[in-house]
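Structure first, then comments.
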Amino acid sequence: MALRAIDLFCGAGGSSQGAADANVEIVGAIDAWDIAVSTYRDNHPGAYVEHRRLGPYSSIGARMPRSNIDILLASPECTNHSVAKGNRPRDEASRATAHYVLEFSARLRPRYVVIENVIQMRDWHGYAPMMRSLTKLGYHLRAQVLDAADFGVAQTRRRLFVVGDLEAPPPEVVPKPGTRPKSAHSVVRLQAEYSSTPLRRKSRAAATLERAERGIRALGTGVPFLIVYYGSDGAGGWQPLDRPLRTITTLDRFGLVTWEDGSPRLRMLQVDELKSAMGLPNNYALNFGTRRDRIKLIGNGVCPPVMSRIVECLTEGRRDVPIGANLRRPTEAERRKCH
């Protein structure tokens with residue numbers, strides 16, 4: 001019998017795809033963004049998906065499956081934890097979405113809880129209280145920073161995963177033996193007929209040209225490479241294709257320099273290339289919203305191979321242990337202490 005999961009702050013469904021790849025049945029999901037909800041429904045038609053914004057006192061919807069829920073997945077809002085926010089003020093209401101997982105954990109009593117976020121979440125003043133609350137609910141916890149590149153994804157993407165298990169200390173999550181990072185070359189489609197423009201045209205921003213020229217000087221003419229088109233970069237603003245792609249964000253960030261008749265040309269990486277660099281399957285549908293919306297969906301997502309391996313490590317050899325439905329639910333007084 002397959003384990004059953006609900007995905008909070010589900011986005012486009014990267015976590016759910018990873019869990020499904022590990023033979024978990026996804027029965028429910030919630031997200032506040034209509035485009036994410038439509039995308040999720042398109043790819044996980046068997047799940048009941050709610051379009052709503054969770055709050056401090058959000059309860060489980062009347063139609064949401066709630067029996068025999070074994071795994072609770074959650075990717076609370078990360079923007080106000082991330083260094084990408086810069087020095088702008090943090091939105092505490094956004095950061096507090098991580099605490100909304102507690103209500104669902106207490107009500108559903110899943111055997112496993114997996115919370116994903118940016119690494120900087122550990123520096124948030126609400127992080128330790130969240131961990132204490134999960135401990136009070138009976139969860140043994142392990143917090144681990146995992147890099148998607150170590151799990152066979154063509155992207156360097158380091159994220160924090162807080163894993164909870166009601167019955168035993170969670171194991172360390174490690175890649176399968178023999179897993180190797182994939183290079184950006186494995187997802188960039190050099191032969192595809194995407195539109196490109198001359199690199200050295202007059203309207204090109206000086207900073208973009210400087211990054212590209214550094215790459216050309218390092219690699220020589222005729223060698224394709226990537227530049228960071230938007231955002232800051234501390235590694236020269238370019239990278240060769242023989243390494244994993246740098247972290248995909250919610251911005252249209254990466255440009256590809258190619259060559260035609262000895263002259264460099266530039267185009268942005270396309271949605272299908274970025275999707276592949278997240279480890280999403282080729283048939284994963286991104287049919288809703290604008291190009292910007294689709295890139296935002298990708299940049300906010302979880303790499304399925306990482307989540308798949310987390311679930312495998314958690315559940316390997318433990319199918320005979322009683323799971324969520326058979327465990328004692330906390331009393332109302334105990335539940336209130338977790339908030």
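Labels for the structure tokens follow display order: chains A, B, ..., residues from 1 in each chain, ligands from 1.
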
request  = Give the strand (DSSP E or B) residues of segment 237-283 of chain A, as assigned by DSSP on the backbone, as a list of chain:residue names.
outcome  = A:Trp238, A:Gln239, A:Leu245, A:Phe254, A:Gly255, A:Leu256, A:Val257, A:Thr258, A:Trp259, A:Glu260, A:Ser263, A:Pro264, A:Arg265, A:Leu266, A:Arg267, A:Met268

Prev. selection, C-alpha atoms, output as a compact mmCIF listing (two decimals), in the first residue's frame:
```
# COMPACT_ATOMS: atom_id res chain seq x y z
CA TRP A 238 29.81 33.72 -16.64
CA GLN A 239 30.32 29.97 -16.53
CA LEU A 245 24.09 25.52 -13.90
CA PHE A 254 20.85 33.13 -17.71
CA GLY A 255 21.98 34.03 -21.20
CA LEU A 256 23.66 31.64 -23.63
CA VAL A 257 26.48 32.88 -25.84
CA THR A 258 26.77 30.93 -29.09
CA TRP A 259 28.68 31.52 -32.29
CA GLU A 260 27.67 32.03 -35.89
CA SER A 263 30.60 36.15 -34.31
CA PRO A 264 29.09 35.76 -30.83
CA ARG A 265 25.33 35.77 -30.38
CA LEU A 266 23.19 35.83 -27.26
CA ARG A 267 19.86 34.38 -26.24
CA MET A 268 18.20 33.67 -22.91
```

I'd like to know which residues of segment 26-225 of chain A are helix (DSSP H, G or I) (by DSSP, run on the backbone); could you write them as number ranges by chain?
A: 34-43, 83-85, 92-108, 119-123, 127-136, 148-151, 184-186, 206-219

Considering only C-alpha atoms, give me a table of residues in segment 280-301 of chain A that are at most 12 Å from segment 107-121 of chain A, with the closest atom pair and distance in Å for each, as JSON lines.
```
{"residue": "A:Gly299", "atom": "CA", "partner": "A:Val118", "partner_atom": "CA", "distance": 11.9}
{"residue": "A:Asn300", "atom": "CA", "partner": "A:Asn117", "partner_atom": "CA", "distance": 9.8}
{"residue": "A:Gly301", "atom": "CA", "partner": "A:Glu116", "partner_atom": "CA", "distance": 9.9}
```

The selected residues should be written to file as a PDB file, in the first residue's frame (atoms: N, CA and C atoms).
```
ATOM      1  N   GLY A 299      11.744  28.762 -10.655  1.00  0.00           N
ATOM      2  CA  GLY A 299      12.698  29.276  -9.672  1.00  0.00           C
ATOM      3  C   GLY A 299      12.259  29.096  -8.242  1.00  0.00           C
ATOM      4  N   ASN A 300      10.948  28.982  -8.004  1.00  0.00           N
ATOM      5  CA  ASN A 300      10.420  28.767  -6.659  1.00  0.00           C
ATOM      6  C   ASN A 300      10.341  27.293  -6.292  1.00  0.00           C
ATOM      7  N   GLY A 301      10.700  26.421  -7.211  1.00  0.00           N
ATOM      8  CA  GLY A 301      10.413  25.006  -7.046  1.00  0.00           C
ATOM      9  C   GLY A 301      11.461  24.215  -6.281  1.00  0.00           C
TER      10      GLY A 301
END
```

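Near Pro281 of chain A, within 12 Å and counting only C-alpha atoms, sit Gly13, Gly14, Gln17, Gly18, Asp21, Asn43, Val153, Val187, Asp272, Glu273, Leu274, Lys275, Ser276, Leu286, Cys303, Pro304 and Pro305 of chain A, not including residues fewer than 5 positions from it in the same chain.
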
Give me a file of those residues, with C-alpha atoms, as an mmCIF file, in the first residue's frame.
```
data_model
loop_
_atom_site.group_PDB
_atom_site.id
_atom_site.type_symbol
_atom_site.label_atom_id
_atom_site.label_comp_id
_atom_site.auth_asym_id
_atom_site.auth_seq_id
_atom_site.Cartn_x
_atom_site.Cartn_y
_atom_site.Cartn_z
ATOM 1 C CA GLY A 13 4.570 20.530 -7.729
ATOM 2 C CA GLY A 14 8.294 19.735 -7.735
ATOM 3 C CA GLN A 17 6.756 14.932 -8.307
ATOM 4 C CA GLY A 18 9.777 13.771 -6.324
ATOM 5 C CA ASP A 21 8.756 9.168 -8.108
ATOM 6 C CA ASN A 43 0.455 17.438 -13.534
ATOM 7 C CA VAL A 153 20.571 17.523 -11.130
ATOM 8 C CA VAL A 187 20.175 20.651 -20.547
ATOM 9 C CA ASP A 272 12.191 23.889 -21.294
ATOM 10 C CA GLU A 273 15.939 24.158 -20.615
ATOM 11 C CA LEU A 274 15.382 25.609 -17.143
ATOM 12 C CA LYS A 275 12.767 22.944 -16.441
ATOM 13 C CA SER A 276 15.302 20.246 -17.285
ATOM 14 C CA LEU A 286 3.924 24.290 -17.732
ATOM 15 C CA CYS A 303 14.120 19.625 -7.546
ATOM 16 C CA PRO A 304 12.228 16.312 -7.716
ATOM 17 C CA PRO A 305 15.333 14.072 -7.552
#
```

Could you name the residues that touch segment 1-4 of chain A at 6 Å or less, counting only C-alpha atoms, but leaving out those on the same chain fewer than 3 positions away, as an MDAnalysis selection string? chainID A and resid 24:26 69:70

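Note that atom CA of Leu199 of chain A and atom CA of Arg214 of chain A are 13.1 Å apart.
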
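As for atom CA of Ala206 of chain A and atom CA of Thr221 of chain A, they are spaced 19.7 Å apart.
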
- prompt: If you count only C-alpha atoms, which residues fall within 12 Å of Ser16 of chain A, apart from same-chain ones fewer than 5 positions away, as a ChimeraX atom specification?
  reply: /A:4-11,21-30,40-41,43-47,49,71-75,114,280,301-308,310-311

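Restricting the calculation to only C-alpha atoms, the smallest distance between Thr249 of chain A and any of A:Lys176, A:Gln155, A:Ala285, A:Glu312 is found for A:Gln155.
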
With distances taken over only C-alpha atoms, the candidate from A:Ala184, A:Val173, A:Ala192, A:Leu209 nearest Pro240 of chain A is A:Ala184

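Shortest atom-to-atom contact with Ile298 of chain A among A:Val101, A:Ala106, A:Ala62, A:Ala12: A:Ala12, counting only C-alpha atoms.
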
Report task. For Glu172 of chain A, work out the shell of residues within 10 Å, counting only C-alpha atoms and skipping chain neighbours fewer than 4 positions away, then give it as number ranges by chain. Result -> A: 142-144, 163, 310, 313-314

Would you output that residue set with N, CA and C atoms, as a JSON list (two decimals), in the first residue's frame?
```json
[["chain", "number", "residue", "atom", "x", "y", "z"],
["A", 142, "ARG", "N", 15.77, 16.24, 11.92],
["A", 142, "ARG", "CA", 17.10, 16.41, 11.34],
["A", 142, "ARG", "C", 17.02, 17.54, 10.33],
["A", 143, "ALA", "N", 17.90, 18.53, 10.46],
["A", 143, "ALA", "CA", 17.98, 19.63, 9.50],
["A", 143, "ALA", "C", 19.24, 19.43, 8.67],
["A", 144, "GLN", "N", 19.07, 19.43, 7.37],
["A", 144, "GLN", "CA", 20.19, 19.16, 6.47],
["A", 144, "GLN", "C", 20.17, 20.11, 5.29],
["A", 163, "VAL", "N", 13.56, 17.59, 8.31],
["A", 163, "VAL", "CA", 12.86, 16.32, 8.18],
["A", 163, "VAL", "C", 12.46, 15.83, 9.57],
["A", 310, "ILE", "N", 15.04, 12.00, -0.51],
["A", 310, "ILE", "CA", 14.68, 12.20, 0.89],
["A", 310, "ILE", "C", 13.64, 11.17, 1.32],
["A", 313, "CYS", "N", 15.13, 7.67, 1.59],
["A", 313, "CYS", "CA", 15.94, 7.49, 2.80],
["A", 313, "CYS", "C", 15.06, 7.39, 4.04],
["A", 314, "LEU", "N", 13.98, 8.16, 4.08],
["A", 314, "LEU", "CA", 13.08, 8.13, 5.24],
["A", 314, "LEU", "C", 12.34, 6.81, 5.36]]
```

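Distances from A:Ala212, A:Ala20, A:Ala235, A:Leu141 to Ala128 of chain A were compared using only C-alpha atoms, and the smallest one belongs to A:Leu141.
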
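Distance-wise, atom CA of Arg246 of chain A and atom CA of Pro224 of chain A end up 16.0 Å apart.
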